[in-house]
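Listing of structure.tsv; format and content: TSV, C-alpha atoms.
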chain	number	residue	atom	x	y	z
A	1	MET	CA	-75.73	28.82	27.11
A	2	GLU	CA	-74.67	26.22	29.65
A	3	GLU	CA	-74.75	23.51	26.97
A	4	CYS	CA	-72.46	25.63	24.73
A	5	LEU	CA	-69.98	26.03	27.60
A	6	LYS	CA	-69.95	22.28	28.20
A	7	GLU	CA	-69.41	21.67	24.47
A	8	ASN	CA	-66.50	24.14	24.43
A	9	GLU	CA	-64.98	22.51	27.51
A	10	LEU	CA	-65.28	19.13	25.84
A	11	GLN	CA	-63.60	20.38	22.66
A	12	ASN	CA	-60.78	21.93	24.69
A	13	ALA	CA	-60.32	18.68	26.58
A	14	LEU	CA	-60.22	16.72	23.33
A	15	ALA	CA	-57.69	19.16	21.87
A	16	ILE	CA	-55.48	18.77	24.94
A	17	CYS	CA	-55.73	14.99	24.70
A	18	LEU	CA	-54.87	15.08	20.98
A	19	GLU	CA	-51.84	17.27	21.64
A	20	GLU	CA	-50.69	14.85	24.33
A	21	VAL	CA	-51.14	11.87	21.98
A	22	ILE	CA	-49.06	13.64	19.31
A	23	ARG	CA	-46.38	14.51	21.88
A	24	LEU	CA	-46.22	10.94	23.15
A	25	LYS	CA	-46.07	9.59	19.58
A	26	THR	CA	-43.20	11.95	18.72
A	27	GLU	CA	-41.39	10.99	21.92
A	28	LEU	CA	-41.92	7.30	21.18
A	29	GLU	CA	-40.49	7.69	17.66
A	30	THR	CA	-37.47	9.53	19.07
A	31	GLN	CA	-36.89	6.76	21.62
A	32	LYS	CA	-37.28	4.15	18.88
A	33	LYS	CA	-34.55	5.84	16.82
A	34	GLN	CA	-32.31	6.02	19.89
A	35	ILE	CA	-32.83	2.32	20.57
A	36	GLU	CA	-32.04	1.47	16.91
A	37	ALA	CA	-28.86	3.57	17.09
A	38	LEU	CA	-27.84	1.81	20.33
A	39	MET	CA	-28.49	-1.58	18.74
A	40	LYS	CA	-26.31	-0.67	15.74
A	41	THR	CA	-23.56	0.46	18.09
A	42	GLN	CA	-23.87	-2.77	20.07
A	43	GLN	CA	-23.72	-4.83	16.86
A	44	LYS	CA	-20.61	-2.96	15.73
A	45	LEU	CA	-18.97	-3.51	19.13
A	46	PHE	CA	-19.84	-7.20	19.04
A	47	SER	CA	-18.54	-7.56	15.48
A	48	ILE	CA	-15.22	-5.94	16.34
A	49	SER	CA	-14.85	-7.74	19.68
A	50	MET	CA	-15.24	-11.07	17.90
A	51	ASP	CA	-12.11	-10.28	15.87
A	52	THR	CA	-9.47	-10.79	18.54
A	53	GLY	CA	-6.55	-8.39	18.16
A	54	TYR	CA	-8.38	-5.81	16.06
A	55	MET	CA	-9.49	-3.43	18.82
A	56	GLU	CA	-6.73	-1.01	17.79
A	57	ASN	CA	-8.66	-0.25	14.60
A	58	LEU	CA	-11.88	0.61	16.46
A	59	ARG	CA	-11.11	4.32	16.87
A	60	TYR	CA	-10.35	4.66	13.17
A	61	GLU	CA	-13.53	2.91	12.09
A	62	TRP	CA	-15.71	5.07	14.30
A	63	ASN	CA	-13.93	8.30	13.39
A	64	ASP	CA	-14.87	8.02	9.72
A	65	PRO	CA	-14.81	11.06	7.39
A	66	GLN	CA	-18.34	12.02	8.43
A	67	THR	CA	-17.67	12.21	12.16
A	68	ALA	CA	-13.91	12.68	12.63
A	69	GLN	CA	-13.18	15.18	15.38
A	70	ASP	CA	-9.43	14.75	15.70
A	71	SER	CA	-6.30	14.49	13.58
A	72	PHE	CA	-6.87	11.08	11.97
A	73	TYR	CA	-6.16	11.17	8.24
A	74	TYR	CA	-8.90	9.89	5.96
A	75	PRO	CA	-8.22	10.05	2.23
A	76	LYS	CA	-11.06	11.32	0.09
A	77	PHE	CA	-12.46	8.97	-2.56
A	78	TYR	CA	-14.43	9.15	-5.77
A	79	LYS	CA	-17.31	6.72	-5.96
A	80	ILE	CA	-16.45	3.63	-8.01
A	81	GLU	CA	-19.30	4.44	-10.40
A	82	GLU	CA	-17.67	7.82	-11.08
A	83	THR	CA	-14.35	6.12	-11.79
A	84	VAL	CA	-15.92	3.67	-14.24
A	85	GLU	CA	-17.71	6.51	-16.02
A	86	SER	CA	-14.45	8.44	-16.34
A	87	ILE	CA	-12.69	5.38	-17.78
A	88	VAL	CA	-15.47	4.68	-20.29
A	89	ARG	CA	-16.23	8.26	-21.32
A	90	ASP	CA	-12.75	9.76	-21.31
A	91	LYS	CA	-10.68	6.60	-21.90
A	92	LYS	CA	-8.52	7.23	-18.85
A	93	SER	CA	-5.86	4.84	-17.60
A	94	MET	CA	-5.39	3.64	-14.03
A	95	ALA	CA	-2.92	2.18	-11.53
A	96	ARG	CA	-4.10	0.50	-8.33
A	97	PHE	CA	-2.19	0.58	-5.04
A	98	GLY	CA	-2.92	-2.08	-2.43
A	99	ASP	CA	-0.97	-3.56	0.47
A	100	GLY	CA	1.50	-5.19	-1.92
A	101	GLU	CA	2.42	-1.90	-3.58
A	102	PHE	CA	2.69	0.00	-0.29
A	103	SER	CA	4.86	-2.77	1.17
A	104	MET	CA	7.06	-2.64	-1.92
A	105	MET	CA	7.48	1.13	-1.52
A	106	ALA	CA	8.44	0.52	2.12
A	107	GLN	CA	10.88	-2.18	0.89
A	108	ARG	CA	9.17	-4.78	3.03
A	109	GLU	CA	8.52	-8.33	1.85
A	110	ARG	CA	4.80	-9.07	1.59
A	111	CYS	CA	3.99	-10.40	-1.88
A	112	ARG	CA	4.71	-14.06	-2.43
A	113	PHE	CA	4.82	-13.38	-6.16
A	114	GLN	CA	7.16	-10.37	-6.29
A	115	LYS	CA	10.45	-9.95	-4.46
A	116	VAL	CA	11.41	-6.50	-3.20
A	117	ASP	CA	13.12	-4.39	-5.84
A	118	LEU	CA	14.41	-0.84	-5.22
A	119	THR	CA	13.77	0.33	-8.80
A	120	LEU	CA	10.21	-0.98	-8.73
A	121	ALA	CA	9.68	0.73	-5.37
A	122	GLU	CA	10.86	4.07	-6.76
A	123	ARG	CA	8.68	3.73	-9.89
A	124	LEU	CA	5.66	3.05	-7.70
A	125	ARG	CA	6.36	6.14	-5.60
A	126	GLU	CA	6.66	8.17	-8.81
A	127	ILE	CA	3.29	6.93	-10.09
A	128	LEU	CA	1.55	7.36	-6.74
A	129	ARG	CA	2.50	11.05	-6.95
A	130	CYS	CA	1.31	11.34	-10.57
A	131	GLU	CA	-1.47	13.90	-11.01
A	132	GLU	CA	-1.88	13.83	-14.80
A	133	GLU	CA	-5.42	14.39	-16.03
A	134	GLY	CA	-5.64	11.18	-18.05
A	135	PHE	CA	-4.21	8.86	-15.41
A	136	LEU	CA	-6.14	7.72	-12.34
A	137	VAL	CA	-4.44	6.69	-9.09
A	138	ALA	CA	-6.42	4.29	-6.89
A	139	ILE	CA	-5.84	3.31	-3.27
A	140	ALA	CA	-7.94	1.12	-0.97
A	141	ASP	CA	-10.91	2.67	0.82
A	142	GLN	CA	-10.10	1.13	4.20
A	143	TYR	CA	-9.00	4.00	6.45
A	144	GLY	CA	-12.30	4.72	8.21
A	145	SER	CA	-15.65	2.96	8.41
A	146	LEU	CA	-15.68	-0.63	7.19
A	147	ASP	CA	-19.47	-0.96	7.21
A	148	ALA	CA	-19.56	-1.70	3.45
A	149	TYR	CA	-17.55	-4.91	3.95
A	150	ASN	CA	-18.44	-8.31	5.34
A	151	ARG	CA	-16.65	-9.99	8.23
A	152	GLU	CA	-14.09	-11.67	5.97
A	153	GLY	CA	-13.33	-8.31	4.35
A	154	LYS	CA	-12.95	-6.58	7.72
A	155	HIS	CA	-10.86	-9.49	9.01
A	156	GLY	CA	-8.40	-8.90	6.16
A	157	ILE	CA	-8.19	-5.13	6.63
A	158	ARG	CA	-8.01	-4.67	10.42
A	159	PRO	CA	-4.74	-6.44	11.23
A	160	TYR	CA	-3.00	-4.70	8.34
A	161	MET	CA	-4.11	-1.13	9.08
A	162	THR	CA	-1.92	-0.57	12.13
A	163	ALA	CA	-0.81	2.85	13.37
A	164	GLN	CA	2.59	2.24	11.74
A	165	ILE	CA	1.03	1.43	8.35
A	166	ARG	CA	-1.22	4.47	8.59
A	167	GLN	CA	1.80	6.67	9.25
A	168	GLU	CA	3.63	5.17	6.26
A	169	HIS	CA	0.64	5.84	4.01
A	170	ARG	CA	0.19	9.36	5.31
A	171	ARG	CA	3.79	10.21	4.42
A	172	LEU	CA	3.27	8.94	0.87
A	173	LEU	CA	-0.19	10.30	0.09
A	174	ASN	CA	-1.38	13.77	-0.82
A	175	LEU	CA	-3.71	14.77	2.01
A	176	GLU	CA	-5.66	17.15	-0.24
A	177	ARG	CA	-6.13	14.79	-3.17
A	178	VAL	CA	-9.26	12.81	-4.05
A	179	TYR	CA	-8.28	9.22	-4.89
A	180	HIS	CA	-9.99	6.47	-6.85
A	181	ASN	CA	-10.79	3.18	-5.13
A	182	THR	CA	-8.55	0.15	-5.62
A	183	TYR	CA	-11.54	-2.07	-4.82
A	184	ILE	CA	-12.98	-1.24	-8.24
A	185	SER	CA	-11.53	-4.61	-9.28
A	186	ARG	CA	-12.91	-6.42	-6.22
A	187	PRO	CA	-16.69	-6.18	-6.67
A	188	TYR	CA	-17.70	-9.35	-4.83
A	189	ALA	CA	-15.94	-11.30	-2.09
A	190	MET	CA	-15.37	-8.64	0.56
A	191	TYR	CA	-18.67	-6.75	0.32
A	192	ALA	CA	-21.47	-7.08	2.85
A	193	ASP	CA	-24.04	-7.15	0.03
A	194	ASN	CA	-22.35	-9.93	-1.92
A	195	MET	CA	-25.31	-12.30	-1.59
A	196	THR	CA	-27.67	-9.77	-3.19
A	197	ASP	CA	-27.97	-8.61	-6.80
A	198	ALA	CA	-25.47	-5.78	-6.19
A	199	PRO	CA	-22.29	-7.63	-7.37
A	200	ARG	CA	-23.93	-8.57	-10.67
A	201	LYS	CA	-24.72	-4.90	-11.29
A	202	ARG	CA	-21.15	-3.91	-10.41
A	203	PHE	CA	-19.72	-6.44	-12.88
A	204	GLN	CA	-22.14	-5.29	-15.59
A	205	ASN	CA	-21.06	-1.70	-15.06
A	206	LEU	CA	-17.38	-2.71	-15.36
A	207	GLN	CA	-18.09	-4.60	-18.59
A	208	ARG	CA	-18.88	-1.26	-20.22
A	209	ILE	CA	-15.14	-0.52	-20.13
A	210	TRP	CA	-14.18	-3.14	-22.73
A	211	ALA	CA	-17.45	-3.40	-24.65
A	212	ASP	CA	-16.60	-3.69	-28.36
A	213	ARG	CA	-12.93	-2.88	-27.66
A	214	ASP	CA	-9.83	-4.68	-28.91
A	215	ILE	CA	-8.25	-5.95	-25.69
A	216	VAL	CA	-4.63	-6.84	-25.03
A	217	PHE	CA	-4.27	-8.73	-21.76
A	218	VAL	CA	-0.89	-8.53	-20.06
A	219	GLU	CA	-1.02	-11.21	-17.39
A	220	GLY	CA	0.94	-13.74	-15.42
A	221	ALA	CA	1.18	-16.99	-17.35
A	222	LEU	CA	-1.25	-18.79	-15.02
A	223	THR	CA	-3.72	-15.91	-14.54
A	224	ARG	CA	-5.86	-16.77	-17.59
A	225	LEU	CA	-8.16	-13.77	-17.53
A	226	GLY	CA	-11.65	-14.64	-18.74
A	227	VAL	CA	-10.85	-18.26	-19.54
A	228	GLY	CA	-13.86	-20.43	-18.71
A	229	ASN	CA	-16.23	-17.51	-18.07
A	230	ASP	CA	-18.01	-14.74	-19.98
A	231	LEU	CA	-16.59	-11.69	-18.19
A	232	PHE	CA	-14.95	-10.39	-21.37
A	233	ALA	CA	-17.39	-11.89	-23.87
A	234	ASN	CA	-18.51	-8.44	-25.02
A	235	ALA	CA	-15.01	-7.43	-26.19
A	236	ALA	CA	-14.39	-7.15	-29.94
A	237	SER	CA	-11.17	-9.18	-29.74
A	238	ILE	CA	-8.65	-10.53	-27.24
A	239	ARG	CA	-4.89	-10.95	-27.50
A	240	ARG	CA	-2.57	-11.98	-24.68
A	241	ILE	CA	0.98	-11.26	-23.58
A	242	GLU	CA	2.01	-13.91	-21.06
A	243	ALA	CA	4.50	-12.84	-18.38
A	244	PRO	CA	6.11	-14.91	-15.59
A	245	PRO	CA	3.62	-15.85	-12.84
A	246	VAL	CA	6.09	-14.59	-10.20
A	247	ASN	CA	8.71	-11.81	-10.17
A	248	SER	CA	7.42	-10.30	-13.40
A	249	TRP	CA	9.48	-7.15	-12.74
A	250	ASP	CA	12.59	-9.12	-13.72
A	251	LYS	CA	11.20	-9.20	-17.28
A	252	TYR	CA	9.63	-5.75	-17.25
A	253	GLU	CA	11.53	-4.22	-20.17
A	254	GLU	CA	10.74	-7.24	-22.35
A	255	ILE	CA	7.06	-7.10	-21.34
A	256	LEU	CA	6.81	-3.37	-22.10
A	257	ALA	CA	8.54	-3.80	-25.47
A	258	ALA	CA	6.18	-6.64	-26.40
A	259	ALA	CA	3.14	-4.55	-25.45
A	260	LEU	CA	4.29	-1.64	-27.58
A	261	ARG	CA	5.02	-3.97	-30.47
A	262	VAL	CA	1.61	-5.69	-30.57
A	263	ALA	CA	-0.51	-2.62	-29.82
A	264	ASP	CA	-2.87	-1.07	-32.34
A	265	ALA	CA	-3.87	2.58	-32.17
A	266	ASP	CA	-7.05	1.92	-30.17
A	267	SER	CA	-5.93	-1.09	-28.15
A	268	LEU	CA	-7.15	-1.33	-24.56
A	269	PHE	CA	-4.57	-2.90	-22.24
A	270	LEU	CA	-5.95	-4.81	-19.25
A	271	ILE	CA	-3.18	-5.80	-16.88
A	272	ALA	CA	-2.95	-8.37	-14.08
A	273	LEU	CA	0.71	-8.43	-13.09
A	274	GLY	CA	1.07	-7.74	-9.38
A	275	PRO	CA	2.98	-4.56	-8.40
A	276	SER	CA	4.38	-4.31	-11.94
A	277	ALA	CA	0.87	-3.68	-13.30
A	278	GLY	CA	0.62	-0.05	-12.22
A	279	VAL	CA	4.02	0.80	-13.68
A	280	LEU	CA	3.12	-0.85	-16.99
A	281	ALA	CA	-0.24	0.93	-17.08
A	282	TYR	CA	1.53	4.26	-16.59
A	283	ASP	CA	4.24	3.62	-19.19
A	284	LEU	CA	1.64	2.52	-21.76
A	285	TYR	CA	-0.46	5.58	-20.95
A	286	ARG	CA	2.56	7.82	-21.55
A	287	ALA	CA	3.05	6.03	-24.87
A	288	GLY	CA	-0.49	7.01	-25.92
A	289	TYR	CA	-2.56	3.94	-25.01
A	290	GLN	CA	-5.36	3.30	-22.54
A	291	ALA	CA	-4.15	0.85	-19.91
A	292	LEU	CA	-5.80	-0.36	-16.71
A	293	ASP	CA	-4.55	-2.42	-13.78
A	294	ILE	CA	-7.44	-4.87	-13.15
A	295	GLY	CA	-5.72	-7.35	-10.84
A	296	HIS	CA	-8.06	-9.85	-9.07
A	297	LEU	CA	-11.11	-8.92	-11.19
A	298	ASP	CA	-11.33	-12.25	-13.02
A	299	LEU	CA	-10.99	-14.27	-9.81
A	300	GLU	CA	-13.69	-12.12	-8.21
A	301	TYR	CA	-15.96	-13.00	-11.12
A	302	GLU	CA	-15.19	-16.69	-10.74
A	303	TRP	CA	-16.12	-16.48	-7.04
A	304	PHE	CA	-19.29	-14.56	-7.91
A	305	LEU	CA	-20.33	-17.28	-10.37
A	306	ARG	CA	-19.85	-19.92	-7.68
A	307	GLY	CA	-22.06	-17.90	-5.33
A	308	LYS	CA	-20.52	-19.03	-2.04
A	309	GLY	CA	-20.14	-15.52	-0.65
A	310	GLY	CA	-16.36	-15.46	-0.51
A	311	ARG	CA	-13.05	-16.70	-1.89
A	312	CYS	CA	-12.63	-20.30	-3.01
A	313	PRO	CA	-10.12	-22.25	-5.12
A	314	VAL	CA	-10.28	-21.94	-8.91
A	315	GLU	CA	-8.19	-24.90	-9.95
A	316	HIS	CA	-6.99	-23.63	-13.34
A	317	LYS	CA	-6.11	-20.06	-12.23
A	318	TYR	CA	-3.28	-18.69	-10.08
A	319	ASN	CA	-4.43	-17.20	-6.77
A	320	ASN	CA	-1.88	-15.66	-4.43
A	321	GLU	CA	-4.45	-15.12	-1.67
A	322	LEU	CA	-5.34	-18.73	-0.86
A	323	THR	CA	-3.10	-21.46	0.49
A	324	GLY	CA	-2.18	-23.72	-2.40
A	325	GLY	CA	-3.30	-21.11	-4.92
A	326	ASP	CA	0.02	-21.41	-6.73
A	327	GLN	CA	-0.78	-25.04	-7.58
A	328	VAL	CA	-2.61	-24.55	-10.88
A	329	ALA	CA	-4.17	-27.28	-13.02
A	330	ASP	CA	-3.36	-27.52	-16.71
A	331	ILE	CA	-5.94	-26.25	-19.14
A	332	TYR	CA	-6.55	-27.16	-22.76
A	333	ASP	CA	-8.48	-24.39	-24.46
A	334	GLU	CA	-7.75	-23.79	-28.14
A	335	GLU	CA	-9.25	-20.29	-28.20
A	336	TYR	CA	-7.14	-19.26	-25.21
A	337	LEU	CA	-3.98	-20.62	-26.83
A	338	ARG	CA	-4.76	-18.79	-30.11
A	339	GLN	CA	-5.03	-15.52	-28.22
A	340	ILE	CA	-1.47	-15.70	-26.89
A	341	VAL	CA	0.71	-13.46	-29.11
A	342	TYR	CA	3.82	-13.25	-26.95
A	343	VAL	CA	5.39	-15.22	-24.11
A	344	THR	CA	8.28	-13.67	-22.17
A	345	GLY	CA	11.50	-15.63	-22.25

Output the file's structure in the form of structure tokens.
Amino acid sequence: MEECLKENELQNALAICLEEVIRLKTELETQKKQIEALMKTQQKLFSISMDTGYMENLRYEWNDPQTAQDSFYYPKFYKIEETVESIVRDKKSMARFGDGEFSMMAQRERCRFQKVDLTLAERLREILRCEEEGFLVAIADQYGSLDAYNREGKHGIRPYMTAQIRQEHRRLLNLERVYHNTYISRPYAMYADNMTDAPRKRFQNLQRIWADRDIVFVEGALTRLGVGNDLFANAASIRRIEAPPVNSWDKYEEILAAALRVADADSLFLIALGPSAGVLAYDLYRAGYQALDIGHLDLEYEWFLRGKGGRCPVEHKYNNELTGGDQVADIYDEEYLRQIVYVTG
């Protein structure tokens, strides 16, 4: 009897010890998660503090759509994969609005390649308000957390997204609308994962848009979409309308007329034309064609192929984002020259 009591006492003691071990393990795991969260917070603070002058954006980045507790406005966004699927499956058209377009609507000089024009500004405001089923409106996903972007990407966003700019955007945007993401055409340089396999997958997904399609590029004369790379190699055919490399809006009516003249029933228009691109995409959509503003996509692919993790000169292509990017080397490519079907006067 005494031995049974001792055995029961021993079992009870072991059970108590086991419960204490489990409690301590759970407590240790909780503390570990707290330490990891503190380290992430410290890293974010360090990252932002290293960017002198960008502390103003801190409250916006931390009050992202998941945690916002006050009146900050955060547009809602579709995932880029959803946008691509909609374009491929339903043949939707798209205009993209970035800092250049918003500055144009505010009648403020920002683009080196397009002077302010009141008519262009009004057309952009009209298209930004468009809510037609077949036409997608994209703005930049840069209002809240910037964790998806690398330091160069954050460095470009933070000084631009001031309280004044946010107020301007809020007055122009529909607070209840879900927008598409302008960065659909920027799959590489600004992303934190750009040295992984993720950019390649993003480009491959985008290539589904023009697979086996008859493409008409409408581009600035020195843009040269796809020249020297295989980004559009899976297209059925390519034709090009060459517009002025700067101030293309001055020739807009001629560009639109040329596009309508060369189009076939199932033509896919891919446009790289600065702030004029969204207007042209919309007007071609209203005329019954699929048209997409894809500005910067080809340069992003060139940077991806070079694998340096960011922007770099591409000597035979116009680049408004790098110093000296308007100094473009001549190119002699017979296939490229054969593709040109119209050059604006």

List every residue of region 258-294 of chain A that has an atom at most 7 Å from any atom of region 206-225 of chain A, and for each one report the closest atom pair and its distance in Å to one decimal, counting all atoms listed in the file, with rows sorted by chain and then by increasing residue number, as CSV.
residue,atom,partner,partner_atom,distance
A:Ser267,CA,A:Asp214,CA,5.4
A:Leu268,CA,A:Ile215,CA,4.9
A:Phe269,CA,A:Val216,CA,4.8
A:Leu270,CA,A:Phe217,CA,4.9
A:Ile271,CA,A:Val218,CA,4.8
A:Ala272,CA,A:Glu219,CA,4.8
A:Leu273,CA,A:Glu219,CA,5.4

Work out how far CA of Tyr149 (chain A) is from CA of Ala291 (chain A), in Å to one decimal. 28.0 Å

What's around Ile157 (chain A) at 9 Å? Count all atoms listed in the file, leave out sequence neighbours fewer than 5 positions away in its own chain, and write the answer as a PDB file with C-alpha atoms, in the frame of the given file.
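Once written, around_33.pdb looks like this:
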ATOM      1  CA  GLN A 142     -10.100   1.130   4.200  1.00  0.00           C
ATOM      2  CA  LEU A 146     -15.680  -0.630   7.190  1.00  0.00           C
ATOM      3  CA  GLU A 152     -14.090 -11.670   5.970  1.00  0.00           C
TER       4      GLU A 152
END

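Of note, CA of Met195 (chain A) and CA of Tyr183 (chain A) are spaced 17.5 Å apart.
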
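CA of Ile87 (chain A) is positioned 20.5 Å from CA of Ala198 (chain A).
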
Interface rows for region 229-296 of chain A against region 184-190 of chain A: nearest pair, Å to one decimal, 9 Å, all atoms listed in the file, as a Markdown table:
| residue | atom | partner | partner_atom | distance |
| --- | --- | --- | --- | --- |
| A:Asp293 | CA | A:Ser185 | CA | 8.6 |
| A:Ile294 | CA | A:Ser185 | CA | 5.6 |
| A:Gly295 | CA | A:Ser185 | CA | 6.6 |
| A:His296 | CA | A:Ser185 | CA | 6.3 |

Taking C-alpha atoms for each residue, export the selection above as a JSON list (two decimals), in the frame of the given file.
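File produced: again.json:
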[["chain", "number", "residue", "atom", "x", "y", "z"],
["A", 293, "ASP", "CA", -4.55, -2.42, -13.78],
["A", 294, "ILE", "CA", -7.44, -4.87, -13.15],
["A", 295, "GLY", "CA", -5.72, -7.35, -10.84],
["A", 296, "HIS", "CA", -8.06, -9.85, -9.07]]

Could you name the residues that touch Ser93 (chain A) at 10 Å or less, counting all atoms listed in the file, but leaving out those on the same chain fewer than 6 positions away, as a PyMOL selection string? chain A and resi 86-87+133-137+268-270+278+281-282+284-286+289-293

From (-22.9, -6.0, 6.0), in the file's coordinates, out to 7 Å: which residues are reached, counting only C-alpha atoms? Answer as a PDB file with C-alpha atoms, in the coordinates of the input.
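As written to disk, point.pdb reads:
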ATOM      1  CA  ASP A 147     -19.470  -0.960   7.210  1.00  0.00           C
ATOM      2  CA  ALA A 148     -19.560  -1.700   3.450  1.00  0.00           C
ATOM      3  CA  TYR A 149     -17.550  -4.910   3.950  1.00  0.00           C
ATOM      4  CA  ASN A 150     -18.440  -8.310   5.340  1.00  0.00           C
ATOM      5  CA  ALA A 192     -21.470  -7.080   2.850  1.00  0.00           C
ATOM      6  CA  ASP A 193     -24.040  -7.150   0.030  1.00  0.00           C
TER       7      ASP A 193
END

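Of the listed residues A:Pro75, A:Gly307, A:Gly228, A:Pro313, the one whose atoms come nearest to Gly144 (chain A) is A:Pro75, with distances taken using all atoms listed in the file.
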